[in-house]
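Working notes, structure below.
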There are 2 protein chains.
Amino acid sequence: MANNNRWYANTGQDGDVVLSTRIRLARNLAEYPFPHRLDVAGKEKIGKEVYAAVKDVPALKLKFIEMKNVSKTGAVALAERHLISPEFASNSEGRSLLLSDDESVSIMICEEDHIRLQIIMGGLSLNEAYEKASLIDDVLDERLKYAFNENFGYLTQCPTNLGTGMRASVMLHLPALSKLSRIQKIANAVSKLGLTVRGAYGEGTSPGGDIYQLSNQVSLGISEQEALDNLRSITLQLATQERSARKELLKNISVQDKVSRAYGILLTSRILSSKELMELLSWVRLGASEGLVPVKTELINEMFVTMQPANLLESIDSDADAAKRDEIRAERVRKALEAGRIGERI
Amino acid sequence: MANNNRWYANTGQDGDVVLSTRIRLARNLAEYPFPHRLDVAGKEKIGKEVYAAVKDVPALKLKFIEMKNVSKTGAVALAERHLISPEFASNSEGRSLLLSDDESVSIMICEEDHIRLQIIMGGLSLNEAYEKASLIDDVLDERLKYAFNENFGYLTQCPTNLGTGMRASVMLHLPALSKLSRIQKIANAVSKLGLTVRGAYGEGTSPGGDIYQLSNQVSLGISEQEALDNLRSITLQLATQERSARKELLKNISVQDKVSRAYGILLTSRILSSKELMELLSWVRLGASEGLVPVKTELINEMFVTMQPANLLESIDSDADAAKRDEIRAERVRKALEAGRIGERI
């Protein structure tokens, strides 16, 4: 199965810095208690209801996936691809997922809220992603009865999501700002503007590969468009800072050495852990942005996603242990770089 | 100036393990005190006398080099190539050197003894090297008056060289035995057989690049041929042990990883110290012997010699500082591996 229809196989707007854009809408159905107060049957009922609401929309073509039928590896792989939350992956009871073929649309059913609709797109595409989310949201709104309050907006289980129920985020590759130890200062500054900088997998996760998530924190008392404009503006400022830091950093011969060696190691290693790969890819992506190493950004983005432990394991179809996986990862990376692209899955 | 007529540009017999063979004969002239009791003029007089004895032998074509005319860098470079001793390089007063164009023949005049005649050849070639040394020794013996005693043989300043005055040695690349920590045991065993294992630059030097010198210790009460046969026999045993250790070691995927990455780093680094280069070359040479990396042994041997600090500096013809040298070294190594050979000096 080739992956070239997936969002990560293409770079988008400002793709040198912005890996992807996500819009997530939290919605609940008025006639049911919040998921944590539902039993398995109750959750399953909601899954079927939501699926029934979208399955006849030809443009969507969403697959209905009952999480109880997804293997542990499969669930973690979905979380690695940011299609479900780690929490959703860890407990399948009664939960289901609606997923489009290109994985740009995913709807978690009975995570914290009844509906968590997510759009993910390559590069910086907040408005496009929001428009797509709104279209699906409108379909659901028309066919289901949302919990909505004139004063608070969309009602959600956690009060931090009240209001628009929207979280918009961008995944940023900030190797230069990170290696120059400027992230903490930036995180402090953006928090005053209602935004949060975190590791790629949310609160408390480490920024493997120098990948950071920038997202809006406030959903109450602010319109969706204001939130998107705010996030877009800060993202563009960070991108400008990152680009200038890259140029500054890459003048340094020892940074050039790091970048070039990282490329050399990726081309030749026989054992490669996921953690080391992320670090090496980050150096290579930094260098590639200034033409120092002959690797396409799309390929690096794809490896960031597909070479993660569960995704790799899922694509092997075997019970490879960690050591064997590190060998297979090394081999895949070598071949991918040699071919200039991720090959067919083997 | 290309180096392809030098001994290190070709591998010889058992060249997978044996880098080179050296025969050194210590000789003194009967009518002069030992060098440490000579003044500058006395040393210079001996230099001219020895040169006069060989300069009309067409087959030899030795250059006469007064060490006072050799730069500090040039002298260290000669020592790095094992053509003179580090001690000879550090004090030039009155000393001179006779050197053949291919550097296989070198005669230090007024080092510890009046004459230190050395033959160096690639691979294991003890008999060939000894024959060549003997031919030159015969010429010198015919035209000069050697200090010789019926009981003690050739008289030398240090009693450890009395007798044949011959030291025979082989330079061995023992990466597998070294990485398996078997060298100390081997050193203990061979010392009982009258041989010594040391680092590449003699007593007390560290075995950079896993290169070891194996030499005969005894020169009194043993014929030259016995000493050569003994050394040859132990060398062949060590070579057998090393080959089997290589096969054993290279089955290990983490060793394959080390070898392959070392090659990758050599292909891509932008900064390379002499020390790191030796370590990386050792891994690569280990792998190359089993066809794991596509590098010719000759090329690695050549880099072991020509990429050392003073040799590199000498070939640059500039006042490059250490940092700049590490950059130039990285560039040369990259280009050499890409071209599959050391290019013309730039």
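Just so we're on the same page: first chain in the structure tokens is A, next is B, and so on; residues restart at 1 for each chain, and ligands are numbered from 1 in the order they show up.
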I'm after chain A in the frame of chain B: fit it by least squares over all Cα atoms matched in order, and give me the output as a CSV table (one decimal) with C-alpha atoms, in the first residue's frame.
```csv
chain,number,residue,atom,x,y,z
A,1,MET,CA,52.7,15.1,-6.7
A,2,ALA,CA,51.0,11.7,-6.8
A,3,ASN,CA,51.9,9.1,-4.3
A,4,ASN,CA,51.2,6.0,-6.3
A,5,ASN,CA,54.9,4.9,-6.4
A,6,ARG,CA,55.1,4.8,-2.6
A,7,TRP,CA,55.1,1.5,-0.7
A,8,TYR,CA,51.7,2.3,1.0
A,9,ALA,CA,49.9,2.7,-2.3
A,10,ASN,CA,50.0,-1.0,-2.8
A,11,THR,CA,49.1,-3.9,-0.5
A,12,GLY,CA,51.4,-6.8,-0.4
A,13,GLN,CA,51.4,-10.4,0.9
A,14,ASP,CA,48.8,-10.9,3.7
A,15,GLY,CA,48.0,-7.3,3.2
A,16,ASP,CA,44.6,-7.7,4.9
A,17,VAL,CA,46.4,-7.8,8.2
A,18,VAL,CA,50.0,-6.8,7.5
A,19,LEU,CA,50.3,-3.1,6.5
A,20,SER,CA,54.0,-3.1,6.1
A,21,THR,CA,57.3,-4.7,6.9
A,22,ARG,CA,60.4,-2.9,8.1
A,23,ILE,CA,64.0,-4.0,8.4
A,24,ARG,CA,66.4,-1.8,10.3
A,25,LEU,CA,70.1,-2.3,10.5
A,26,ALA,CA,72.2,-0.4,13.1
A,27,ARG,CA,75.8,0.2,12.0
A,28,ASN,CA,78.6,2.3,13.3
A,29,LEU,CA,81.9,3.4,11.8
A,30,ALA,CA,85.0,2.1,13.6
A,31,GLU,CA,87.0,5.3,13.5
A,32,TYR,CA,84.5,7.7,15.1
A,33,PRO,CA,83.0,7.9,18.6
A,34,PHE,CA,79.2,7.2,18.9
A,35,PRO,CA,77.0,10.1,17.8
A,36,HIS,CA,76.2,11.3,21.3
A,37,ARG,CA,79.9,12.1,21.8
A,38,LEU,CA,80.3,13.9,18.4
A,39,ASP,CA,79.9,17.6,17.8
A,40,VAL,CA,77.9,19.0,14.9
A,41,ALA,CA,80.9,19.1,12.6
A,42,GLY,CA,81.7,15.5,13.4
A,43,LYS,CA,78.2,14.4,12.6
A,44,GLU,CA,78.1,16.3,9.4
A,45,LYS,CA,81.4,14.7,8.3
A,46,ILE,CA,79.9,11.3,8.8
A,47,GLY,CA,76.9,12.3,6.8
A,48,LYS,CA,79.1,13.3,3.9
A,49,GLU,CA,81.1,10.2,4.1
A,50,VAL,CA,78.1,7.9,4.1
A,51,TYR,CA,76.6,9.7,1.2
A,52,ALA,CA,79.8,9.6,-0.7
A,53,ALA,CA,79.8,5.8,-0.3
A,54,VAL,CA,76.4,5.3,-1.9
A,55,LYS,CA,75.8,8.3,-4.3
A,56,ASP,CA,77.5,6.6,-7.3
A,57,VAL,CA,75.3,3.4,-7.0
A,58,PRO,CA,72.8,4.0,-9.8
A,59,ALA,CA,70.3,1.5,-8.4
A,60,LEU,CA,69.9,3.4,-5.2
A,61,LYS,CA,69.5,7.0,-6.3
A,62,LEU,CA,69.3,8.2,-2.7
A,63,LYS,CA,68.7,11.9,-2.0
A,64,PHE,CA,70.9,13.5,0.6
A,65,ILE,CA,68.9,15.6,3.0
A,66,GLU,CA,70.5,17.7,5.7
A,67,MET,CA,67.9,17.7,8.5
A,68,LYS,CA,68.7,21.4,9.4
A,69,ASN,CA,67.1,22.2,6.0
A,70,VAL,CA,63.9,20.3,6.8
A,71,SER,CA,61.1,22.3,8.4
A,72,LYS,CA,59.6,21.1,11.7
A,73,THR,CA,56.5,20.0,9.8
A,74,GLY,CA,58.5,18.2,7.2
A,75,ALA,CA,60.5,16.4,9.9
A,76,VAL,CA,57.3,15.3,11.8
A,77,ALA,CA,55.8,14.2,8.5
A,78,LEU,CA,58.8,12.0,7.8
A,79,ALA,CA,58.4,10.5,11.3
A,80,GLU,CA,54.7,9.9,10.7
A,81,ARG,CA,55.7,8.0,7.5
A,82,HIS,CA,58.1,5.9,9.7
A,83,LEU,CA,61.1,7.1,7.7
A,84,ILE,CA,62.8,8.6,10.6
A,85,SER,CA,62.4,8.2,14.4
A,86,PRO,CA,60.4,10.8,16.4
A,87,GLU,CA,63.7,11.5,18.3
A,88,PHE,CA,65.5,12.1,15.0
A,89,ALA,CA,62.8,14.5,13.9
A,90,SER,CA,63.1,16.5,17.2
A,91,ASN,CA,66.8,17.4,16.9
A,92,SER,CA,68.3,18.2,13.6
A,93,GLU,CA,71.8,19.2,14.6
A,94,GLY,CA,74.4,17.7,12.3
A,95,ARG,CA,72.1,15.0,11.3
A,96,SER,CA,71.3,13.9,7.7
A,97,LEU,CA,69.0,11.5,5.9
A,98,LEU,CA,69.5,9.5,2.8
A,99,LEU,CA,66.1,8.7,1.2
A,100,SER,CA,65.0,6.9,-2.0
A,101,ASP,CA,62.4,8.4,-4.2
A,102,ASP,CA,59.8,5.7,-3.3
A,103,GLU,CA,60.8,6.0,0.4
A,104,SER,CA,61.4,2.3,0.7
A,105,VAL,CA,65.0,3.0,1.6
A,106,SER,CA,66.0,5.5,4.3
A,107,ILE,CA,69.3,5.9,6.1
A,108,MET,CA,69.3,8.1,9.3
A,109,ILE,CA,72.8,9.3,9.9
A,110,CYS,CA,73.8,10.1,13.5
A,111,GLU,CA,70.6,9.1,15.2
A,112,GLU,CA,71.6,6.8,18.1
A,113,ASP,CA,74.1,5.0,15.9
A,114,HIS,CA,76.1,6.4,13.0
A,115,ILE,CA,74.0,4.5,10.5
A,116,ARG,CA,70.4,3.4,10.8
A,117,LEU,CA,69.5,1.8,7.5
A,118,GLN,CA,65.8,1.0,7.0
A,119,ILE,CA,63.9,-0.8,4.3
A,120,ILE,CA,60.1,-0.5,4.4
A,121,MET,CA,57.8,-2.5,2.1
A,122,GLY,CA,54.0,-3.1,1.9
A,123,GLY,CA,52.6,-6.3,3.3
A,124,LEU,CA,54.6,-9.2,4.7
A,125,SER,CA,57.9,-9.2,2.9
A,126,LEU,CA,60.6,-9.9,5.5
A,127,ASN,CA,62.9,-11.8,3.2
A,128,GLU,CA,62.6,-9.3,0.3
A,129,ALA,CA,63.2,-6.4,2.7
A,130,TYR,CA,66.1,-8.1,4.4
A,131,GLU,CA,67.7,-8.9,1.0
A,132,LYS,CA,67.4,-5.3,-0.1
A,133,ALA,CA,68.9,-4.1,3.2
A,134,SER,CA,71.8,-6.5,2.9
A,135,LEU,CA,72.6,-5.3,-0.6
A,136,ILE,CA,72.9,-1.7,0.6
A,137,ASP,CA,74.7,-2.9,3.8
A,138,ASP,CA,77.2,-4.7,1.6
A,139,VAL,CA,77.9,-1.6,-0.4
A,140,LEU,CA,78.4,0.4,2.8
A,141,ASP,CA,80.5,-2.3,4.4
A,142,GLU,CA,82.8,-2.4,1.3
A,143,ARG,CA,83.4,1.4,1.3
A,144,LEU,CA,83.3,2.3,5.0
A,145,LYS,CA,84.9,0.7,8.0
A,146,TYR,CA,82.2,-0.8,10.3
A,147,ALA,CA,82.7,-1.2,14.0
A,148,PHE,CA,82.5,-5.0,14.3
A,149,ASN,CA,83.7,-7.4,16.9
A,150,GLU,CA,84.1,-11.2,16.5
A,151,ASN,CA,82.3,-11.9,19.8
A,152,PHE,CA,79.6,-9.3,19.8
A,153,GLY,CA,79.0,-8.8,16.1
A,154,TYR,CA,78.1,-5.2,15.0
A,155,LEU,CA,78.9,-2.8,17.8
A,156,THR,CA,76.1,-0.4,18.6
A,157,GLN,CA,75.6,2.4,21.1
A,158,CYS,CA,72.9,0.6,23.0
A,159,PRO,CA,73.7,-3.0,24.0
A,160,THR,CA,70.2,-4.2,23.0
A,161,ASN,CA,71.2,-3.8,19.4
A,162,LEU,CA,74.5,-5.6,19.6
A,163,GLY,CA,74.9,-8.7,17.4
A,164,THR,CA,73.1,-8.5,14.1
A,165,GLY,CA,72.1,-4.9,14.7
A,166,MET,CA,68.9,-5.9,13.1
A,167,ARG,CA,65.4,-5.0,14.1
A,168,ALA,CA,62.7,-6.5,11.9
A,169,SER,CA,59.1,-5.4,12.4
A,170,VAL,CA,55.7,-5.7,10.9
A,171,MET,CA,52.9,-3.2,11.2
A,172,LEU,CA,49.7,-5.1,11.8
A,173,HIS,CA,46.1,-3.9,11.6
A,174,LEU,CA,44.4,-5.9,14.3
A,175,PRO,CA,40.9,-4.3,14.7
A,176,ALA,CA,39.1,-7.5,15.6
A,177,LEU,CA,41.6,-8.7,18.2
A,178,SER,CA,41.8,-5.2,19.6
A,179,LYS,CA,38.1,-4.7,19.9
A,180,LEU,CA,37.7,-8.1,21.4
A,181,SER,CA,40.4,-7.1,24.0
A,182,ARG,CA,42.7,-9.9,23.1
A,183,ILE,CA,45.9,-7.8,22.5
A,184,GLN,CA,47.3,-7.9,26.0
A,185,LYS,CA,47.2,-11.7,26.1
A,186,ILE,CA,48.9,-11.9,22.8
A,187,ALA,CA,51.5,-9.4,23.8
A,188,ASN,CA,52.3,-11.5,26.9
A,189,ALA,CA,52.5,-14.7,24.8
A,190,VAL,CA,54.8,-13.3,22.1
A,191,SER,CA,57.1,-11.6,24.5
A,192,LYS,CA,58.1,-15.1,25.7
A,193,LEU,CA,59.1,-15.8,22.1
A,194,GLY,CA,61.5,-12.9,22.0
A,195,LEU,CA,59.0,-10.5,20.2
A,196,THR,CA,57.4,-7.3,21.3
A,197,VAL,CA,53.9,-5.8,20.4
A,198,ARG,CA,53.7,-2.1,20.7
A,199,GLY,CA,51.6,0.9,19.4
A,200,ALA,CA,52.4,2.0,15.8
A,201,TYR,CA,55.0,4.6,16.9
A,202,GLY,CA,56.9,2.5,19.2
A,203,GLU,CA,57.1,2.0,23.0
A,204,GLY,CA,54.5,3.8,24.9
A,205,THR,CA,52.5,5.1,21.9
A,206,SER,CA,48.8,4.4,21.7
A,207,PRO,CA,47.6,2.0,19.0
A,208,GLY,CA,45.7,4.5,17.0
A,209,GLY,CA,43.5,2.9,14.4
A,210,ASP,CA,44.2,-0.5,16.0
A,211,ILE,CA,47.6,-0.6,14.4
A,212,TYR,CA,50.3,-2.5,16.2
A,213,GLN,CA,54.0,-3.0,15.6
A,214,LEU,CA,55.4,-6.5,16.1
A,215,SER,CA,59.2,-6.7,16.2
A,216,ASN,CA,62.0,-8.9,17.3
A,217,GLN,CA,63.6,-8.0,20.6
A,218,VAL,CA,66.8,-10.1,20.5
A,219,SER,CA,69.7,-9.3,18.2
A,220,LEU,CA,72.5,-11.1,20.0
A,221,GLY,CA,73.0,-14.9,19.8
A,222,ILE,CA,70.5,-15.3,17.0
A,223,SER,CA,71.1,-15.2,13.2
A,224,GLU,CA,69.2,-12.7,11.0
A,225,GLN,CA,67.5,-15.6,9.3
A,226,GLU,CA,66.3,-17.1,12.6
A,227,ALA,CA,65.0,-13.8,13.7
A,228,LEU,CA,63.1,-13.3,10.4
A,229,ASP,CA,61.7,-16.8,10.4
A,230,ASN,CA,60.5,-16.4,14.0
A,231,LEU,CA,58.8,-13.1,13.3
A,232,ARG,CA,57.3,-14.4,10.1
A,233,SER,CA,55.9,-17.4,11.8
A,234,ILE,CA,54.3,-15.4,14.7
A,235,THR,CA,53.0,-12.8,12.2
A,236,LEU,CA,51.2,-15.6,10.2
A,237,GLN,CA,49.7,-17.0,13.4
A,238,LEU,CA,48.4,-13.5,14.4
A,239,ALA,CA,47.0,-13.0,11.0
A,240,THR,CA,45.1,-16.2,11.2
A,241,GLN,CA,43.7,-15.3,14.6
A,242,GLU,CA,42.8,-11.8,13.4
A,243,ARG,CA,41.0,-13.2,10.4
A,244,SER,CA,39.0,-15.5,12.4
A,245,ALA,CA,38.2,-12.8,15.0
A,246,ARG,CA,37.0,-10.5,12.1
A,247,LYS,CA,34.6,-13.1,10.8
A,248,GLU,CA,33.3,-13.7,14.4
A,249,LEU,CA,32.9,-10.0,15.1
A,250,LEU,CA,31.3,-9.1,11.8
A,251,LYS,CA,28.4,-11.5,12.4
A,252,ASN,CA,27.3,-9.1,15.1
A,253,ILE,CA,24.8,-6.6,13.7
A,254,SER,CA,26.0,-3.8,16.0
A,255,VAL,CA,29.5,-4.3,14.6
A,256,GLN,CA,28.1,-4.1,11.1
A,257,ASP,CA,26.3,-0.9,12.2
A,258,LYS,CA,29.6,0.6,13.5
A,259,VAL,CA,31.4,-0.3,10.3
A,260,SER,CA,28.7,1.0,8.0
A,261,ARG,CA,28.2,4.2,10.0
A,262,ALA,CA,32.0,4.8,10.1
A,263,TYR,CA,31.9,4.6,6.3
A,264,GLY,CA,28.9,7.0,6.2
A,265,ILE,CA,30.7,9.5,8.4
A,266,LEU,CA,33.8,9.4,6.3
A,267,LEU,CA,31.7,10.1,3.3
A,268,THR,CA,29.9,13.1,4.8
A,269,SER,CA,31.9,14.7,7.6
A,270,ARG,CA,32.9,18.3,7.3
A,271,ILE,CA,35.3,18.2,10.3
A,272,LEU,CA,37.6,15.3,11.0
A,273,SER,CA,40.4,15.1,13.5
A,274,SER,CA,43.3,12.8,12.9
A,275,LYS,CA,42.4,10.7,15.9
A,276,GLU,CA,38.7,10.2,14.8
A,277,LEU,CA,39.8,9.5,11.3
A,278,MET,CA,42.1,6.7,12.5
A,279,GLU,CA,39.3,5.2,14.5
A,280,LEU,CA,36.8,5.4,11.7
A,281,LEU,CA,39.3,4.0,9.1
A,282,SER,CA,40.0,1.1,11.4
A,283,TRP,CA,36.3,0.2,11.5
A,284,VAL,CA,36.0,0.6,7.7
A,285,ARG,CA,39.2,-1.4,7.1
A,286,LEU,CA,37.7,-4.2,9.3
A,287,GLY,CA,34.5,-4.2,7.3
A,288,ALA,CA,36.2,-3.9,3.9
A,289,SER,CA,38.1,-7.1,4.6
A,290,GLU,CA,34.8,-8.9,4.5
A,291,GLY,CA,33.3,-6.8,1.7
A,292,LEU,CA,30.9,-5.0,4.0
A,293,VAL,CA,31.8,-1.5,2.7
A,294,PRO,CA,33.1,-0.7,-0.8
A,295,VAL,CA,36.5,0.7,0.0
A,296,LYS,CA,39.8,-0.7,-1.3
A,297,THR,CA,42.4,-1.6,1.4
A,298,GLU,CA,45.1,0.3,-0.5
A,299,LEU,CA,43.1,3.5,-0.2
A,300,ILE,CA,42.6,3.0,3.5
A,301,ASN,CA,46.4,2.3,4.0
A,302,GLU,CA,47.2,5.4,2.1
A,303,MET,CA,44.8,7.5,4.2
A,304,PHE,CA,46.3,6.1,7.4
A,305,VAL,CA,49.6,7.6,6.2
A,306,THR,CA,48.8,10.7,4.3
A,307,MET,CA,46.0,12.1,6.5
A,308,GLN,CA,48.2,12.4,9.6
A,309,PRO,CA,48.6,16.0,10.9
A,310,ALA,CA,52.0,16.8,9.6
A,311,ASN,CA,51.6,15.0,6.3
A,312,LEU,CA,48.4,16.8,5.7
A,313,LEU,CA,49.8,20.1,6.6
A,314,GLU,CA,52.9,19.5,4.4
A,315,SER,CA,50.6,18.9,1.5
A,316,ILE,CA,48.6,22.0,2.0
A,317,ASP,CA,51.5,24.5,1.8
A,318,SER,CA,49.8,27.0,4.1
A,319,ASP,CA,49.6,28.0,7.7
A,320,ALA,CA,46.2,26.2,8.3
A,321,ASP,CA,45.4,26.0,12.0
A,322,ALA,CA,44.2,22.7,13.6
A,323,ALA,CA,40.5,23.6,12.9
A,324,LYS,CA,41.2,24.3,9.3
A,325,ARG,CA,43.2,21.2,8.9
A,326,ASP,CA,40.3,19.1,10.3
A,327,GLU,CA,38.1,20.7,7.6
A,328,ILE,CA,40.6,20.0,4.8
A,329,ARG,CA,41.1,16.4,6.1
A,330,ALA,CA,37.3,15.9,6.0
A,331,GLU,CA,37.1,17.2,2.5
A,332,ARG,CA,40.1,15.1,1.2
A,333,VAL,CA,38.7,12.0,2.8
A,334,ARG,CA,35.2,12.6,1.2
A,335,LYS,CA,36.7,13.2,-2.2
A,336,ALA,CA,39.1,10.3,-1.9
A,337,LEU,CA,36.3,7.9,-1.1
A,338,GLU,CA,34.1,9.3,-3.8
A,339,ALA,CA,36.9,8.9,-6.3
A,340,GLY,CA,38.0,5.6,-4.9
A,341,ARG,CA,41.5,6.8,-4.6
A,342,ILE,CA,43.5,9.7,-3.1
A,343,GLY,CA,43.5,12.4,-5.7
A,344,GLU,CA,46.4,14.6,-6.8
A,345,ARG,CA,47.6,16.9,-4.0
A,346,ILE,CA,46.0,20.3,-4.2
```
Enumerate as a ChimeraX atom specification all residues of segment 133-322 of chain B assigned to strand (DSSP E) by DSSP on the backbone, naming them with the chain letters and numbers the document uses.
/B:148-149,153-154,166-173,195-199,211-216
Can you spit out the residues from that selection as a PDB file, in the first residue's frame, using N, CA and C atoms?
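Everything below was put into part-v3.pdb:
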```pdb
ATOM      1  N   PHE B 148      82.995  -3.657  14.174  1.00  0.00           N
ATOM      2  CA  PHE B 148      82.534  -5.048  14.247  1.00  0.00           C
ATOM      3  C   PHE B 148      83.460  -5.832  15.150  1.00  0.00           C
ATOM      4  N   ASN B 149      82.898  -6.707  15.950  1.00  0.00           N
ATOM      5  CA  ASN B 149      83.681  -7.512  16.887  1.00  0.00           C
ATOM      6  C   ASN B 149      83.308  -8.984  16.713  1.00  0.00           C
ATOM      7  N   GLY B 153      79.573  -9.178  17.355  1.00  0.00           N
ATOM      8  CA  GLY B 153      78.976  -8.799  16.089  1.00  0.00           C
ATOM      9  C   GLY B 153      79.084  -7.302  15.872  1.00  0.00           C
ATOM     10  N   TYR B 154      78.040  -6.717  15.259  1.00  0.00           N
ATOM     11  CA  TYR B 154      78.068  -5.269  15.018  1.00  0.00           C
ATOM     12  C   TYR B 154      77.969  -4.545  16.351  1.00  0.00           C
ATOM     13  N   MET B 166      70.104  -5.864  13.884  1.00  0.00           N
ATOM     14  CA  MET B 166      68.869  -5.849  13.085  1.00  0.00           C
ATOM     15  C   MET B 166      67.612  -5.813  13.945  1.00  0.00           C
ATOM     16  N   ARG B 167      66.754  -4.925  13.599  1.00  0.00           N
ATOM     17  CA  ARG B 167      65.398  -5.010  14.127  1.00  0.00           C
ATOM     18  C   ARG B 167      64.478  -5.216  12.926  1.00  0.00           C
ATOM     19  N   ALA B 168      63.688  -6.287  12.989  1.00  0.00           N
ATOM     20  CA  ALA B 168      62.693  -6.539  11.943  1.00  0.00           C
ATOM     21  C   ALA B 168      61.336  -6.317  12.581  1.00  0.00           C
ATOM     22  N   SER B 169      60.454  -5.639  11.862  1.00  0.00           N
ATOM     23  CA  SER B 169      59.133  -5.430  12.440  1.00  0.00           C
ATOM     24  C   SER B 169      58.065  -5.437  11.363  1.00  0.00           C
ATOM     25  N   VAL B 170      56.877  -5.770  11.800  1.00  0.00           N
ATOM     26  CA  VAL B 170      55.730  -5.693  10.894  1.00  0.00           C
ATOM     27  C   VAL B 170      54.686  -4.800  11.554  1.00  0.00           C
ATOM     28  N   MET B 171      54.011  -4.035  10.734  1.00  0.00           N
ATOM     29  CA  MET B 171      52.941  -3.182  11.222  1.00  0.00           C
ATOM     30  C   MET B 171      51.646  -3.934  10.936  1.00  0.00           C
ATOM     31  N   LEU B 172      50.900  -4.214  11.990  1.00  0.00           N
ATOM     32  CA  LEU B 172      49.711  -5.056  11.843  1.00  0.00           C
ATOM     33  C   LEU B 172      48.441  -4.261  12.123  1.00  0.00           C
ATOM     34  N   HIS B 173      47.452  -4.480  11.314  1.00  0.00           N
ATOM     35  CA  HIS B 173      46.129  -3.917  11.624  1.00  0.00           C
ATOM     36  C   HIS B 173      45.309  -5.017  12.287  1.00  0.00           C
ATOM     37  N   LEU B 195      59.578 -11.595  21.101  1.00  0.00           N
ATOM     38  CA  LEU B 195      59.000 -10.544  20.256  1.00  0.00           C
ATOM     39  C   LEU B 195      58.258  -9.529  21.127  1.00  0.00           C
ATOM     40  N   THR B 196      58.046  -8.346  20.585  1.00  0.00           N
ATOM     41  CA  THR B 196      57.348  -7.294  21.313  1.00  0.00           C
ATOM     42  C   THR B 196      56.189  -6.768  20.484  1.00  0.00           C
ATOM     43  N   VAL B 197      55.047  -6.525  21.151  1.00  0.00           N
ATOM     44  CA  VAL B 197      53.915  -5.853  20.495  1.00  0.00           C
ATOM     45  C   VAL B 197      53.802  -4.457  21.092  1.00  0.00           C
ATOM     46  N   ARG B 198      53.781  -3.460  20.232  1.00  0.00           N
ATOM     47  CA  ARG B 198      53.678  -2.079  20.703  1.00  0.00           C
ATOM     48  C   ARG B 198      52.733  -1.279  19.820  1.00  0.00           C
ATOM     49  N   GLY B 199      52.401  -0.052  20.265  1.00  0.00           N
ATOM     50  CA  GLY B 199      51.641   0.865  19.422  1.00  0.00           C
ATOM     51  C   GLY B 199      52.453   1.218  18.175  1.00  0.00           C
ATOM     52  N   ILE B 211      46.427  -0.177  15.090  1.00  0.00           N
ATOM     53  CA  ILE B 211      47.657  -0.583  14.396  1.00  0.00           C
ATOM     54  C   ILE B 211      48.733  -0.903  15.434  1.00  0.00           C
ATOM     55  N   TYR B 212      49.313  -2.065  15.300  1.00  0.00           N
ATOM     56  CA  TYR B 212      50.330  -2.521  16.247  1.00  0.00           C
ATOM     57  C   TYR B 212      51.599  -2.896  15.511  1.00  0.00           C
ATOM     58  N   GLN B 213      52.703  -2.698  16.223  1.00  0.00           N
ATOM     59  CA  GLN B 213      53.998  -3.056  15.673  1.00  0.00           C
ATOM     60  C   GLN B 213      54.470  -4.323  16.388  1.00  0.00           C
ATOM     61  N   LEU B 214      54.811  -5.324  15.594  1.00  0.00           N
ATOM     62  CA  LEU B 214      55.371  -6.549  16.170  1.00  0.00           C
ATOM     63  C   LEU B 214      56.822  -6.623  15.731  1.00  0.00           C
ATOM     64  N   SER B 215      57.754  -6.751  16.688  1.00  0.00           N
ATOM     65  CA  SER B 215      59.168  -6.747  16.294  1.00  0.00           C
ATOM     66  C   SER B 215      59.983  -7.740  17.109  1.00  0.00           C
ATOM     67  N   ASN B 216      61.136  -8.085  16.554  1.00  0.00           N
ATOM     68  CA  ASN B 216      62.038  -8.956  17.311  1.00  0.00           C
ATOM     69  C   ASN B 216      62.744  -8.137  18.383  1.00  0.00           C
TER      70      ASN B 216
END
```
List every residue of segment 47-120 of chain A that DSSP, applied to the backbone of this structure, assigns to helix (DSSP H, G or I), and report them as a list of chain:residue names.
A:Gly47, A:Lys48, A:Glu49, A:Val50, A:Tyr51, A:Ala52, A:Ala53, A:Val54, A:Met67, A:Lys68, A:Asn69, A:Lys72, A:Thr73, A:Gly74, A:Ala75, A:Val76, A:Ala77, A:Leu78, A:Ala79, A:Glu80, A:Pro86, A:Glu87, A:Phe88, A:Ala89, A:Ser90
